[in-house]
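Visitor: Sharing final-v6.cif here; it has mmCIF, C-alpha atoms.
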data_input
#
loop_
_atom_site.label_atom_id
_atom_site.label_comp_id
_atom_site.auth_asym_id
_atom_site.auth_seq_id
_atom_site.Cartn_x
_atom_site.Cartn_y
_atom_site.Cartn_z
CA MET J 534 -158.19 9.68 12.68
CA LYS J 535 -156.61 8.78 16.00
CA VAL J 536 -157.65 5.41 17.36
CA ALA J 537 -156.50 4.37 20.83
CA ILE J 538 -156.40 0.67 21.70
CA ILE J 539 -156.46 0.29 25.47
CA ASP J 540 -153.45 -1.85 26.37
CA TYR J 541 -153.66 -3.35 29.84
CA ASN J 542 -152.09 -6.80 29.49
CA ALA J 543 -155.32 -8.23 28.20
CA GLY J 544 -154.33 -10.82 25.66
CA ASN J 545 -153.83 -10.41 21.97
CA VAL J 546 -154.03 -6.63 21.53
CA GLN J 547 -151.56 -6.80 18.64
CA SER J 548 -154.15 -8.46 16.45
CA VAL J 549 -156.50 -5.50 16.95
CA LYS J 550 -153.69 -3.15 15.95
CA PHE J 551 -152.91 -5.25 12.88
CA ALA J 552 -156.59 -5.38 11.90
CA LEU J 553 -156.72 -1.58 11.99
CA GLU J 554 -153.56 -1.44 9.88
CA ARG J 555 -155.27 -3.58 7.25
CA LEU J 556 -157.94 -0.88 7.16
CA GLY J 557 -155.28 1.79 6.74
CA ILE J 558 -155.35 3.07 10.32
CA ASN J 559 -152.41 3.23 12.68
CA GLY J 560 -153.92 2.46 16.09
CA ILE J 561 -152.04 3.42 19.22
CA LEU J 562 -151.62 0.86 21.98
CA THR J 563 -151.81 2.79 25.22
CA ASN J 564 -152.94 2.78 28.84
CA ASP J 565 -152.28 6.49 29.25
CA TYR J 566 -155.57 8.21 30.06
CA LYS J 567 -154.59 11.46 28.34
CA GLU J 568 -153.89 9.64 25.13
CA ILE J 569 -157.17 7.74 25.46
CA LEU J 570 -159.14 10.93 26.16
CA GLY J 571 -157.57 12.61 23.14
CA ALA J 572 -158.41 9.83 20.66
CA ASP J 573 -161.24 10.06 18.11
CA LYS J 574 -162.16 6.43 18.67
CA VAL J 575 -161.27 4.03 21.46
CA ILE J 576 -161.09 0.24 21.29
CA PHE J 577 -161.32 -1.67 24.57
CA PRO J 578 -160.21 -5.23 23.83
CA GLY J 579 -159.66 -7.98 26.30
CA VAL J 580 -159.21 -11.67 26.77
CA GLY J 581 -158.84 -13.24 30.17
CA GLU J 582 -160.51 -13.39 33.54
CA ALA J 583 -162.95 -10.65 34.60
CA ASN J 584 -161.88 -10.09 38.20
CA SER J 585 -158.14 -9.75 37.71
CA THR J 586 -158.74 -7.62 34.65
CA MET J 587 -160.99 -5.23 36.62
CA ILE J 588 -158.25 -4.99 39.26
CA GLN J 589 -155.75 -4.17 36.53
CA LEU J 590 -158.05 -1.42 35.19
CA GLN J 591 -158.45 -0.02 38.71
CA LYS J 592 -154.68 0.01 39.21
CA LEU J 593 -154.31 2.07 36.04
CA GLY J 594 -157.24 4.33 36.99
CA LEU J 595 -159.00 3.31 33.78
CA ASP J 596 -162.14 2.14 35.61
CA LYS J 597 -162.93 5.85 36.08
CA VAL J 598 -161.81 6.92 32.61
CA ILE J 599 -163.62 4.44 30.35
CA PRO J 600 -167.23 5.03 31.57
CA ASN J 601 -166.80 8.78 31.10
CA LEU J 602 -165.47 8.70 27.55
CA LYS J 603 -167.53 10.76 25.11
CA GLN J 604 -166.12 9.49 21.80
CA PRO J 605 -167.19 6.17 20.27
CA VAL J 606 -165.81 3.25 22.31
CA LEU J 607 -165.77 -0.34 21.08
CA GLY J 608 -165.55 -3.12 23.66
CA VAL J 609 -164.50 -6.51 22.33
CA CYS J 610 -165.03 -9.90 24.05
CA LEU J 611 -164.02 -9.40 27.70
CA GLY J 612 -164.05 -5.67 26.97
CA MET J 613 -167.78 -5.96 26.21
CA GLN J 614 -168.43 -8.00 29.34
CA LEU J 615 -166.57 -5.48 31.51
CA MET J 616 -168.78 -2.69 30.13
CA CYS J 617 -171.73 -4.45 31.78
CA SER J 618 -172.87 -4.16 35.40
CA HIS J 619 -171.84 -7.50 36.87
CA SER J 620 -170.12 -10.73 35.84
CA GLU J 621 -170.70 -14.12 37.32
CA GLU J 622 -167.00 -14.79 36.72
CA ASN J 623 -165.60 -14.61 40.24
CA ASP J 624 -168.55 -12.40 41.25
CA THR J 625 -167.10 -9.28 39.66
CA ASN J 626 -168.59 -5.82 39.66
CA CYS J 627 -167.84 -4.35 36.25
CA LEU J 628 -167.84 -0.82 34.80
CA ASN J 629 -171.65 -0.57 34.80
CA ILE J 630 -171.85 1.35 31.53
CA ILE J 631 -174.50 -0.98 30.15
CA GLU J 632 -177.01 -2.34 32.66
CA GLN J 633 -176.90 -5.96 31.60
CA LYS J 634 -175.34 -8.96 33.34
CA VAL J 635 -172.77 -11.57 32.43
CA PHE J 636 -173.36 -15.27 33.12
CA ARG J 637 -171.47 -18.52 32.57
CA PHE J 638 -172.63 -20.95 29.90
CA GLN J 639 -174.21 -24.00 31.52
CA PRO J 640 -173.70 -27.03 29.23
CA THR J 641 -176.93 -28.91 28.68
CA SER J 642 -175.22 -32.14 27.65
CA LYS J 643 -171.79 -33.62 27.34
CA LEU J 644 -171.70 -32.79 23.67
CA VAL J 645 -172.01 -29.07 24.29
CA LYS J 646 -168.56 -27.65 24.83
CA VAL J 647 -167.62 -24.69 26.99
CA PRO J 648 -165.86 -22.42 26.01
CA HIS J 649 -167.87 -21.49 22.96
CA VAL J 650 -165.05 -21.55 20.40
CA GLY J 651 -165.34 -20.98 16.70
CA TRP J 652 -167.55 -19.43 14.04
CA ASN J 653 -171.18 -18.82 14.79
CA ASN J 654 -173.83 -16.74 13.04
CA ILE J 655 -175.30 -13.52 14.33
CA SER J 656 -178.86 -12.35 14.08
CA VAL J 657 -179.04 -8.58 13.81
CA LYS J 658 -182.03 -7.11 15.68
CA ASN J 659 -181.77 -3.42 14.97
CA ASN J 660 -180.28 -1.92 11.89
CA SER J 661 -177.56 -0.28 13.90
CA TRP J 662 -173.82 -0.10 13.28
CA ILE J 663 -173.87 -3.83 12.62
CA SER J 664 -176.06 -3.59 9.59
CA LYS J 665 -178.90 -5.99 8.83
CA LYS J 666 -177.07 -7.32 5.82
CA ASN J 667 -174.68 -9.00 8.25
CA SER J 668 -177.53 -11.03 9.70
CA GLU J 669 -176.80 -14.77 9.57
CA LYS J 670 -173.13 -14.08 8.78
CA TYR J 671 -170.49 -16.04 10.67
CA VAL J 672 -168.08 -14.38 13.11
CA TYR J 673 -165.44 -15.78 15.44
CA PHE J 674 -166.13 -16.30 19.16
CA VAL J 675 -164.01 -17.54 22.08
CA HIS J 676 -165.67 -17.21 25.48
CA SER J 677 -167.11 -19.08 28.46
CA TYR J 678 -169.28 -16.23 29.76
CA PHE J 679 -172.00 -14.33 27.91
CA VAL J 680 -174.00 -11.13 28.25
CA GLU J 681 -177.72 -11.70 28.72
CA ILE J 682 -180.11 -10.25 26.17
CA GLY J 683 -181.41 -6.86 27.23
CA GLU J 684 -182.40 -3.37 26.23
CA PHE J 685 -179.06 -2.58 24.57
CA THR J 686 -178.65 -5.84 22.65
CA ILE J 687 -178.52 -5.18 18.91
CA ALA J 688 -177.42 -8.63 17.71
CA THR J 689 -177.79 -12.10 19.18
CA THR J 690 -176.21 -15.50 18.71
CA ASP J 691 -177.50 -18.86 19.81
CA TYR J 692 -175.23 -21.19 21.76
CA ILE J 693 -176.90 -23.27 24.45
CA GLN J 694 -179.22 -20.25 24.64
CA PRO J 695 -179.52 -16.93 22.82
CA PHE J 696 -177.11 -14.30 24.13
CA SER J 697 -175.89 -10.81 23.21
CA ALA J 698 -173.46 -10.87 20.27
CA ALA J 699 -173.36 -7.07 20.09
CA LEU J 700 -174.48 -4.11 22.17
CA LYS J 701 -174.94 -0.39 21.65
CA LYS J 702 -175.70 2.32 24.17
CA ASP J 703 -175.03 5.97 23.41
CA ASN J 704 -171.34 6.17 22.41
CA PHE J 705 -170.60 2.64 23.63
CA TYR J 706 -170.42 -0.19 21.09
CA ALA J 707 -169.52 -3.77 21.86
CA THR J 708 -169.10 -7.19 20.31
CA GLN J 709 -168.74 -10.52 22.06
CA PHE J 710 -167.08 -11.89 18.93
CA HIS J 711 -163.68 -10.82 17.63
CA PRO J 712 -164.17 -8.60 14.56
CA GLU J 713 -160.39 -8.50 14.16
CA LYS J 714 -160.42 -12.27 13.58
CA SER J 715 -163.71 -12.63 11.72
CA GLY J 716 -162.50 -12.43 8.14
CA SER J 717 -164.08 -9.92 5.76
CA VAL J 718 -167.34 -9.73 7.77
CA GLY J 719 -165.37 -8.68 10.84
CA GLU J 720 -163.39 -6.17 8.84
CA GLN J 721 -166.57 -4.56 7.62
CA ILE J 722 -168.00 -4.37 11.14
CA LEU J 723 -164.78 -2.72 12.36
CA GLN J 724 -164.99 -0.31 9.46
CA ASN J 725 -168.58 0.54 10.41
CA PHE J 726 -167.43 1.40 13.91
CA LEU J 727 -164.55 3.49 12.60
CA THR J 728 -166.77 5.50 10.28
CA THR J 729 -169.57 5.97 12.77
CA ASN J 730 -170.52 9.47 13.84
CA LEU J 731 -172.17 10.18 17.13
CA MET P 97 -175.36 -22.51 15.04
CA LEU P 98 -171.72 -23.12 15.85
CA ALA P 99 -169.95 -24.22 12.67
CA LYS P 100 -167.58 -27.15 12.37
CA ARG P 101 -164.11 -25.87 11.59
CA ILE P 102 -161.78 -26.81 8.73
CA ILE P 103 -158.14 -26.17 9.60
CA PRO P 104 -155.20 -26.51 7.21
CA CYS P 105 -151.89 -27.17 8.91
CA LEU P 106 -148.67 -25.70 7.53
CA ASP P 107 -145.29 -27.12 8.44
CA ILE P 108 -142.63 -24.43 8.68
CA LYS P 109 -138.90 -24.92 8.42
CA ASN P 110 -136.56 -21.96 8.65
CA GLY P 111 -139.43 -19.59 7.99
CA ARG P 112 -140.65 -21.43 4.86
CA THR P 113 -143.46 -23.92 4.34
CA VAL P 114 -142.47 -27.47 3.66
CA LYS P 115 -144.65 -29.54 1.30
CA GLY P 116 -146.47 -26.49 -0.05
CA ILE P 117 -145.11 -26.99 -3.51
CA ASN P 118 -148.14 -27.56 -5.69
CA PHE P 119 -149.61 -24.10 -5.75
CA VAL P 120 -149.45 -22.63 -9.19
CA ASP P 121 -151.34 -19.48 -8.32
CA LEU P 122 -148.89 -18.29 -5.71
CA ARG P 123 -145.89 -16.13 -6.45
CA ASP P 124 -144.01 -18.07 -3.83
CA ALA P 125 -145.46 -21.33 -2.62
CA GLY P 126 -142.88 -21.57 0.11
CA ASP P 127 -144.04 -18.39 1.81
CA PRO P 128 -146.23 -19.30 4.80
CA VAL P 129 -147.89 -15.90 4.78
CA GLU P 130 -149.01 -16.21 1.14
CA LEU P 131 -150.16 -19.77 1.59
CA GLY P 132 -152.03 -18.86 4.78
CA LYS P 133 -153.69 -15.97 3.02
CA LEU P 134 -154.77 -18.18 0.15
CA TYR P 135 -156.29 -20.73 2.53
CA SER P 136 -158.06 -17.96 4.36
CA GLN P 137 -159.54 -16.67 1.11
CA GLN P 138 -160.63 -20.20 0.21
CA GLY P 139 -162.61 -20.45 3.44
CA ALA P 140 -160.28 -21.97 6.02
CA ASP P 141 -161.67 -21.28 9.48
CA GLU P 142 -158.33 -21.25 11.22
CA LEU P 143 -154.71 -21.97 10.44
CA VAL P 144 -152.11 -23.96 12.32
CA PHE P 145 -148.43 -23.20 11.76
CA LEU P 146 -146.12 -25.87 13.05
CA ASP P 147 -142.48 -24.91 13.25
CA ILE P 148 -140.16 -27.84 12.71
CA THR P 149 -136.94 -25.83 12.60
CA ALA P 150 -134.25 -27.10 14.89
CA THR P 151 -131.76 -24.25 14.95
CA ILE P 152 -130.68 -21.88 17.70
CA ASN P 153 -132.05 -18.84 15.89
CA LYS P 154 -135.43 -20.49 15.78
CA ARG P 155 -137.20 -18.28 18.30
CA LYS P 156 -136.40 -15.05 16.54
CA THR P 157 -137.28 -16.46 13.13
CA LEU P 158 -140.57 -17.76 14.45
CA SER P 159 -141.63 -14.56 16.19
CA ASP P 160 -140.79 -12.54 13.06
CA LEU P 161 -142.87 -14.92 11.01
CA VAL P 162 -145.78 -14.82 13.46
CA LYS P 163 -145.77 -11.04 13.23
CA LYS P 164 -145.97 -11.19 9.44
CA ILE P 165 -148.80 -13.71 9.57
CA ALA P 166 -150.73 -11.66 12.14
CA LYS P 167 -150.41 -8.54 10.00
CA GLU P 168 -151.81 -10.23 6.91
CA ILE P 169 -154.31 -12.85 8.08
CA ASN P 170 -157.77 -11.95 9.38
CA ILE P 171 -158.74 -15.34 10.84
CA PRO P 172 -157.43 -17.02 14.01
CA PHE P 173 -154.19 -18.92 13.88
CA THR P 174 -152.25 -21.23 16.16
CA VAL P 175 -148.49 -21.54 16.35
CA GLY P 176 -146.69 -24.63 17.60
CA GLY P 177 -143.26 -26.17 17.71
CA GLY P 178 -140.71 -26.06 20.47
CA ILE P 179 -142.63 -23.90 22.96
CA ARG P 180 -141.21 -24.84 26.35
CA SER P 181 -141.93 -21.94 28.67
CA VAL P 182 -144.28 -19.09 29.51
CA GLU P 183 -141.63 -16.78 28.09
CA ASP P 184 -141.57 -18.62 24.74
CA ALA P 185 -145.36 -18.33 24.59
CA ASN P 186 -145.37 -14.67 25.58
CA ILE P 187 -143.06 -13.76 22.71
CA LEU P 188 -145.51 -15.38 20.30
CA LEU P 189 -148.51 -13.68 21.93
CA GLN P 190 -146.79 -10.32 21.67
CA SER P 191 -146.10 -11.05 18.01
CA GLY P 192 -149.83 -11.59 17.44
CA ALA P 193 -150.49 -15.33 17.76
CA ASP P 194 -154.05 -16.17 18.81
CA LYS P 195 -153.19 -19.56 20.25
CA ILE P 196 -150.12 -21.64 20.85
CA SER P 197 -149.90 -25.39 20.69
CA ILE P 198 -147.68 -27.41 23.01
CA ASN P 199 -146.94 -31.10 22.76
CA SER P 200 -143.82 -32.78 24.18
CA ALA P 201 -143.13 -29.92 26.60
CA ALA P 202 -146.52 -30.47 28.24
CA VAL P 203 -145.82 -34.16 28.79
CA LYS P 204 -142.39 -33.45 30.22
CA LYS P 205 -143.67 -30.61 32.40
CA PRO P 206 -147.46 -30.82 32.77
CA ASN P 207 -147.53 -27.75 34.99
CA LEU P 208 -146.66 -25.71 31.90
CA ILE P 209 -150.31 -26.07 30.86
CA ASN P 210 -151.46 -24.54 34.17
CA GLU P 211 -148.92 -21.74 33.91
CA LEU P 212 -149.89 -20.87 30.35
CA ALA P 213 -153.61 -20.96 31.13
CA LYS P 214 -153.12 -18.79 34.19
CA ASN P 215 -151.00 -16.23 32.36
CA PHE P 216 -152.81 -16.04 29.04
CA GLY P 217 -156.19 -17.77 29.50
CA SER P 218 -157.28 -21.22 28.37
CA GLN P 219 -158.35 -19.92 24.97
CA PHE P 220 -154.65 -19.44 24.18
CA VAL P 221 -153.58 -22.99 25.04
CA VAL P 222 -153.99 -25.87 22.61
CA VAL P 223 -152.45 -29.14 23.75
CA ALA P 224 -151.44 -31.34 20.83
CA ILE P 225 -151.31 -35.05 21.51
CA ASP P 226 -149.78 -37.63 19.19
CA ALA P 227 -150.85 -41.15 20.06
CA LYS P 228 -150.61 -44.64 18.68
CA LEU P 229 -152.60 -47.78 19.34
CA ILE P 230 -150.15 -50.40 20.66
CA ASP P 231 -151.42 -53.80 21.81
CA GLY P 232 -154.91 -52.47 22.34
CA GLU P 233 -153.87 -49.39 24.26
CA TRP P 234 -153.53 -45.81 23.06
CA LYS P 235 -150.11 -44.49 24.10
CA VAL P 236 -149.00 -40.88 23.93
CA HIS P 237 -145.84 -40.28 21.88
CA LEU P 238 -143.28 -37.47 22.01
CA ASN P 239 -141.05 -35.58 19.60
CA GLY P 240 -143.28 -35.81 16.58
CA GLY P 241 -144.24 -39.39 17.38
CA ARG P 242 -140.72 -40.74 17.66
CA ILE P 243 -140.66 -41.51 21.39
CA PRO P 244 -143.35 -43.65 23.04
CA THR P 245 -144.41 -42.95 26.63
CA ASN P 246 -146.47 -44.90 29.09
CA LEU P 247 -149.16 -42.24 29.19
CA ASN P 248 -152.65 -43.37 28.30
CA LEU P 249 -154.22 -41.09 25.71
CA LEU P 250 -157.60 -40.50 27.36
CA GLU P 251 -156.13 -40.06 30.83
CA TRP P 252 -153.64 -37.54 29.49
CA ALA P 253 -156.31 -35.68 27.52
CA ARG P 254 -158.47 -35.39 30.65
CA GLU P 255 -155.48 -34.19 32.65
CA CYS P 256 -154.78 -31.52 30.03
CA GLU P 257 -158.36 -30.29 30.35
CA ASP P 258 -158.15 -30.25 34.16
CA ARG P 259 -154.93 -28.26 33.96
CA GLY P 260 -156.53 -25.60 31.80
CA ALA P 261 -156.07 -26.55 28.14
CA GLY P 262 -158.58 -24.75 25.92
CA GLU P 263 -158.60 -27.29 23.10
CA ILE P 264 -157.08 -30.69 22.32
CA LEU P 265 -155.48 -31.39 18.95
CA PHE P 266 -155.37 -35.16 18.69
CA THR P 267 -153.30 -36.80 15.96
CA SER P 268 -153.73 -40.52 15.51
CA MET P 269 -150.38 -41.88 14.35
CA ASN P 270 -152.13 -45.02 13.16
CA ASN P 271 -154.16 -42.96 10.72
CA ASP P 272 -151.71 -40.20 9.86
CA GLY P 273 -150.61 -40.41 6.22
CA THR P 274 -152.93 -43.31 5.40
CA LYS P 275 -155.68 -41.15 3.84
CA LYS P 276 -158.17 -43.73 5.08
CA GLY P 277 -160.07 -41.42 7.37
CA PHE P 278 -159.80 -40.09 10.91
CA GLU P 279 -159.70 -42.21 14.07
CA ASN P 280 -163.40 -41.72 14.74
CA ASN P 281 -163.77 -44.31 17.49
CA MET P 282 -161.22 -42.72 19.75
CA LEU P 283 -162.27 -39.19 18.81
CA SER P 284 -165.85 -39.92 19.78
CA LYS P 285 -164.78 -41.34 23.14
CA MET P 286 -162.60 -38.32 23.76
CA SER P 287 -165.39 -35.94 22.88
CA ASP P 288 -167.74 -37.74 25.29
CA GLN P 289 -165.28 -37.54 28.14
CA LEU P 290 -163.98 -34.00 27.67
CA SER P 291 -165.88 -30.74 27.73
CA ILE P 292 -163.38 -28.73 25.66
CA PRO P 293 -163.31 -28.75 21.85
CA ILE P 294 -161.43 -31.52 20.03
CA ILE P 295 -159.52 -30.93 16.80
CA ALA P 296 -159.14 -34.16 14.84
CA SER P 297 -155.95 -34.80 12.89
CA GLY P 298 -154.47 -37.65 10.92
CA GLY P 299 -155.95 -39.67 8.09
CA ALA P 300 -157.96 -37.23 5.97
CA GLY P 301 -158.02 -38.43 2.38
CA ALA P 302 -161.49 -37.64 1.06
CA MET P 303 -164.36 -35.25 1.71
CA GLU P 304 -166.38 -38.08 3.25
CA ASP P 305 -163.71 -38.42 5.94
CA PHE P 306 -164.62 -34.94 7.20
CA TYR P 307 -168.32 -35.80 7.24
CA ASP P 308 -167.51 -38.91 9.26
CA VAL P 309 -165.26 -37.10 11.72
CA PHE P 310 -167.95 -34.49 12.44
CA THR P 311 -170.69 -37.11 12.86
CA ASP P 312 -169.21 -40.44 14.07
CA GLY P 313 -166.08 -38.80 15.49
CA LYS P 314 -168.03 -35.94 17.15
CA ALA P 315 -165.06 -33.67 16.48
CA ASP P 316 -165.36 -29.89 16.62
CA ALA P 317 -162.73 -29.28 13.96
CA GLY P 318 -160.91 -31.28 11.29
CA LEU P 319 -157.27 -30.61 10.52
CA ALA P 320 -155.31 -31.73 7.48
CA ALA P 321 -152.14 -30.86 5.64
CA SER P 322 -151.24 -32.68 2.44
CA ILE P 323 -154.73 -33.00 0.92
CA PHE P 324 -154.97 -29.22 0.97
CA HIS P 325 -151.36 -28.55 0.01
CA PHE P 326 -151.53 -30.87 -2.96
CA LYS P 327 -154.96 -29.55 -3.92
CA GLU P 328 -156.56 -32.95 -3.70
CA ILE P 329 -159.40 -31.21 -1.92
CA GLU P 330 -160.27 -27.52 -2.16
CA ILE P 331 -161.54 -26.08 1.07
CA LEU P 332 -164.54 -24.38 -0.52
CA ASP P 333 -165.60 -27.59 -2.30
CA LEU P 334 -165.25 -29.47 0.96
CA LYS P 335 -167.44 -26.99 2.79
CA LYS P 336 -170.08 -27.03 0.07
CA TYR P 337 -170.13 -30.81 0.24
CA LEU P 338 -170.46 -30.79 4.04
CA LYS P 339 -173.28 -28.27 3.83
CA THR P 340 -175.27 -30.46 1.44
CA LYS P 341 -174.80 -33.29 3.93
CA GLY P 342 -176.33 -31.19 6.69
CA ILE P 343 -173.17 -30.20 8.54
CA THR P 344 -173.06 -26.59 9.74
CA VAL P 345 -170.12 -24.85 8.12
CA ARG P 346 -169.18 -21.24 7.45
CA ILE P 347 -169.34 -20.48 3.74
#
Starting from the file, lay out its structure as structure tokens.
Guide:
Amino acid sequence: MKVAIIDYNAGNVQSVKFALERLGINGILTNDYKEILGADKVIFPGVGEANSTMIQLQKLGLDKVIPNLKQPVLGVCLGMQLMCSHSEENDTNCLNIIEQKVFRFQPTSKLVKVPHVGWNNISVKNNSWISKKNSEKYVYFVHSYFVEIGEFTIATTDYIQPFSAALKKDNFYATQFHPEKSGSVGEQILQNFLTTNL
Amino acid sequence: MLAKRIIPCLDIKNGRTVKGINFVDLRDAGDPVELGKLYSQQGADELVFLDITATINKRKTLSDLVKKIAKEINIPFTVGGGIRSVEDANILLQSGADKISINSAAVKKPNLINELAKNFGSQFVVVAIDAKLIDGEWKVHLNGGRIPTNLNLLEWARECEDRGAGEILFTSMNNDGTKKGFENNMLSKMSDQLSIPIIASGGAGAMEDFYDVFTDGKADAGLAASIFHFKEIEILDLKKYLKTKGITVRI
């Protein structure tokens, strides 16, 4: 199986590659659209700021490539947010694959920290690629912005308010948390994505 | 609910862990990768690797080690020790580090925090602060606590946040090594004044100390070294204890 990891200077892409290696898969770090189009599975990672990252995708022409991919695509963290229609982070228009919006966490008291950093539990709504048996399991998050709950939300997490922990629409899969850093639970979720058939 | 984090800290010298000598179930207790893996299996939420090597070849050794850790470990880890520039940090990011921790370099060149946050995002930047209570005032110290400065702890911590730090790792030198508990007074004040997560370090000696640091100290994470290395406390036991006391932990 050929797995392309979209490499566009968006943070710790190595850890995604290493996580795949632990599952016996040699992922290819690439921003070459031909290589991405030819892959069986595509992972769209990302850590950073939405606006500059969108500009980077536009420079590489990937803003046109990603929404038209037909194979399973997994967006992680910022990758998930960029799959949505709009982000409040510097008023950024995103890839509009999934018609849900991204907002900033508004702390309700001084004791609530933003960013949301650490392990939090997910509540799985639909028995989708993140199976119900992972409900209430802990996964690792690092983010200041969140995707609102909507039609394509398949798992939620509560921090300040409930938000989308995972999405699924057609061949597009996404997690706000980092499966590559979420211990054995994360590994299993990655494995589910890798073994998924459209 | 967001869980409180338990973080073992491993001191690294020339690519090997120092202090990690009491592990009978490891083939090689000096190997940071093996020790990190064991902690991860025992339920550690994150790992901190602190490089205390002082040789010229340090950078290469450290990036090789980070790569090995990143290949093997499936939880987040932070690397610290001698990071002085964006370039130093980038090498570690490219090797697979999730976060870097800076200490003295940030005090000497505060703009480094801004540069790192701008280049890699705040989530990548942990600022470690060593401080000591002297004549009623908390003073920041440099070079592993050897050199006092005139910086006030809380003012410096706030400045770090303003400059883009993602987390603060505060070590109380008054508590460090005493095993009498964390510096909960100061930690609580810091937590009230800052909106980024605080990692508490220095003074852990018993399981109750972690309960206290998460309640009285309002800390987001508790870090310790020797109590874990010398197996005085097992991470899983600690988490079970915290859970029975009503603290949210990942088990």
Visitor: Output the residue selection produced by the PyMOL selection byres ((chain J and resi 606) around 8) on the file above, formatted as JSON, numbers by chain.
Guide: {"J": [574, 575, 576, 577, 602, 604, 605, 607, 608, 704, 705, 706, 707]}
Visitor: For Trp662 in chain J, please output as number ranges by chain all residues within 8 Å (counting all atoms listed in the file; exclusion window: fewer than 2 positions along the same chain).
Guide: J: 660, 664, 722, 725-726, 729
Visitor: State, in Å with one decimal place, the distance from CA of Glu720 in chain J to CA of Val672 in chain J.
Guide: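 Interatomic distance here is 10.4 Å.
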Visitor: Could you list, as a count of residues only, the residues of chain J having an atom within 10 Å of chain P when counting all atoms listed in the file?
Guide: 55
Visitor: List the neighbours of Tyr307 in chain P out to 9 Å using only C-alpha atoms; skip same-chain residues closer than 4 positions along the sequence, and give me the result as a ChimeraX atom specification.
Guide: /P:303,311-312,337-338,341,343
Visitor: Tell me which residues the PyMOL selection byres ((chain J and resi 586) around 10) grabs here, as a short mmCIF file (atom, residue, chain, number, x, y, z; two decimals) with C-alpha atoms, in the frame of the given file.
Guide:
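What landed in expr_11.cif:
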data_model
loop_
_atom_site.label_atom_id
_atom_site.label_comp_id
_atom_site.auth_asym_id
_atom_site.auth_seq_id
_atom_site.Cartn_x
_atom_site.Cartn_y
_atom_site.Cartn_z
CA TYR J 541 -153.66 -3.35 29.84
CA ASN J 542 -152.09 -6.80 29.49
CA ALA J 543 -155.32 -8.23 28.20
CA GLY J 579 -159.66 -7.98 26.30
CA VAL J 580 -159.21 -11.67 26.77
CA GLY J 581 -158.84 -13.24 30.17
CA GLU J 582 -160.51 -13.39 33.54
CA ALA J 583 -162.95 -10.65 34.60
CA ASN J 584 -161.88 -10.09 38.20
CA SER J 585 -158.14 -9.75 37.71
CA MET J 587 -160.99 -5.23 36.62
CA ILE J 588 -158.25 -4.99 39.26
CA GLN J 589 -155.75 -4.17 36.53
CA LEU J 590 -158.05 -1.42 35.19
CA GLN J 591 -158.45 -0.02 38.71
CA LYS J 592 -154.68 0.01 39.21
CA LEU J 611 -164.02 -9.40 27.70
CA GLY J 612 -164.05 -5.67 26.97
CA LEU J 615 -166.57 -5.48 31.51
CA THR J 625 -167.10 -9.28 39.66
CA CYS J 627 -167.84 -4.35 36.25
#
Visitor: Could you spell out the hits of the PyMOL selection byres ((chain P and resi 199) around 10) on the shown file, as a list of chain:residue names?
Guide: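 Against this file, the PyMOL selection byres ((chain P and resi 199) around 10) returns the residues P:Gly176, P:Gly177, P:Gly178, P:Ile179, P:Arg180, P:Ser197, P:Ile198, P:Ser200, P:Ala201, P:Ala202, P:Val203, P:Lys204, P:Val222, P:Val223, P:Ala224, P:Ile225, P:Asp226, P:His237, P:Leu238, P:Asn239, P:Gly240, P:Leu265.
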Visitor: Can you measure CA of Leu562 in chain J to CA of Lys535 in chain J for me? One decimal in Å is fine.
Guide: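 Interatomic distance here is 11.1 Å.
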Visitor: Just how far from CA of Ile329 in chain P is CA of Asp305 in chain P, in Å to one decimal?
Guide: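 Distance between the two atoms: 11.5 Å.
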Visitor: Name all residues at most 12 Å from Asn659 in chain J (count all atoms listed in the file; drop same-chain ones fewer than 6 positions away) and give them as a list in words.
Guide: Lys665, Lys666, Asn667, Ser668, Glu684, Phe685, Thr686, Ile687, Ala688, Thr689, Ala699, Leu700 and Lys701 of chain J
Visitor: Next, the residues of the selection above should be written as an mmCIF file, in the frame of the given file with C-alpha atoms.
Guide:
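So the final result, stored in selection_37.cif, reads:
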data_model
loop_
_atom_site.group_PDB
_atom_site.id
_atom_site.type_symbol
_atom_site.label_atom_id
_atom_site.label_comp_id
_atom_site.auth_asym_id
_atom_site.auth_seq_id
_atom_site.Cartn_x
_atom_site.Cartn_y
_atom_site.Cartn_z
ATOM 1 C CA LYS J 665 -178.900 -5.990 8.830
ATOM 2 C CA LYS J 666 -177.070 -7.320 5.820
ATOM 3 C CA ASN J 667 -174.680 -9.000 8.250
ATOM 4 C CA SER J 668 -177.530 -11.030 9.700
ATOM 5 C CA GLU J 684 -182.400 -3.370 26.230
ATOM 6 C CA PHE J 685 -179.060 -2.580 24.570
ATOM 7 C CA THR J 686 -178.650 -5.840 22.650
ATOM 8 C CA ILE J 687 -178.520 -5.180 18.910
ATOM 9 C CA ALA J 688 -177.420 -8.630 17.710
ATOM 10 C CA THR J 689 -177.790 -12.100 19.180
ATOM 11 C CA ALA J 699 -173.360 -7.070 20.090
ATOM 12 C CA LEU J 700 -174.480 -4.110 22.170
ATOM 13 C CA LYS J 701 -174.940 -0.390 21.650
#
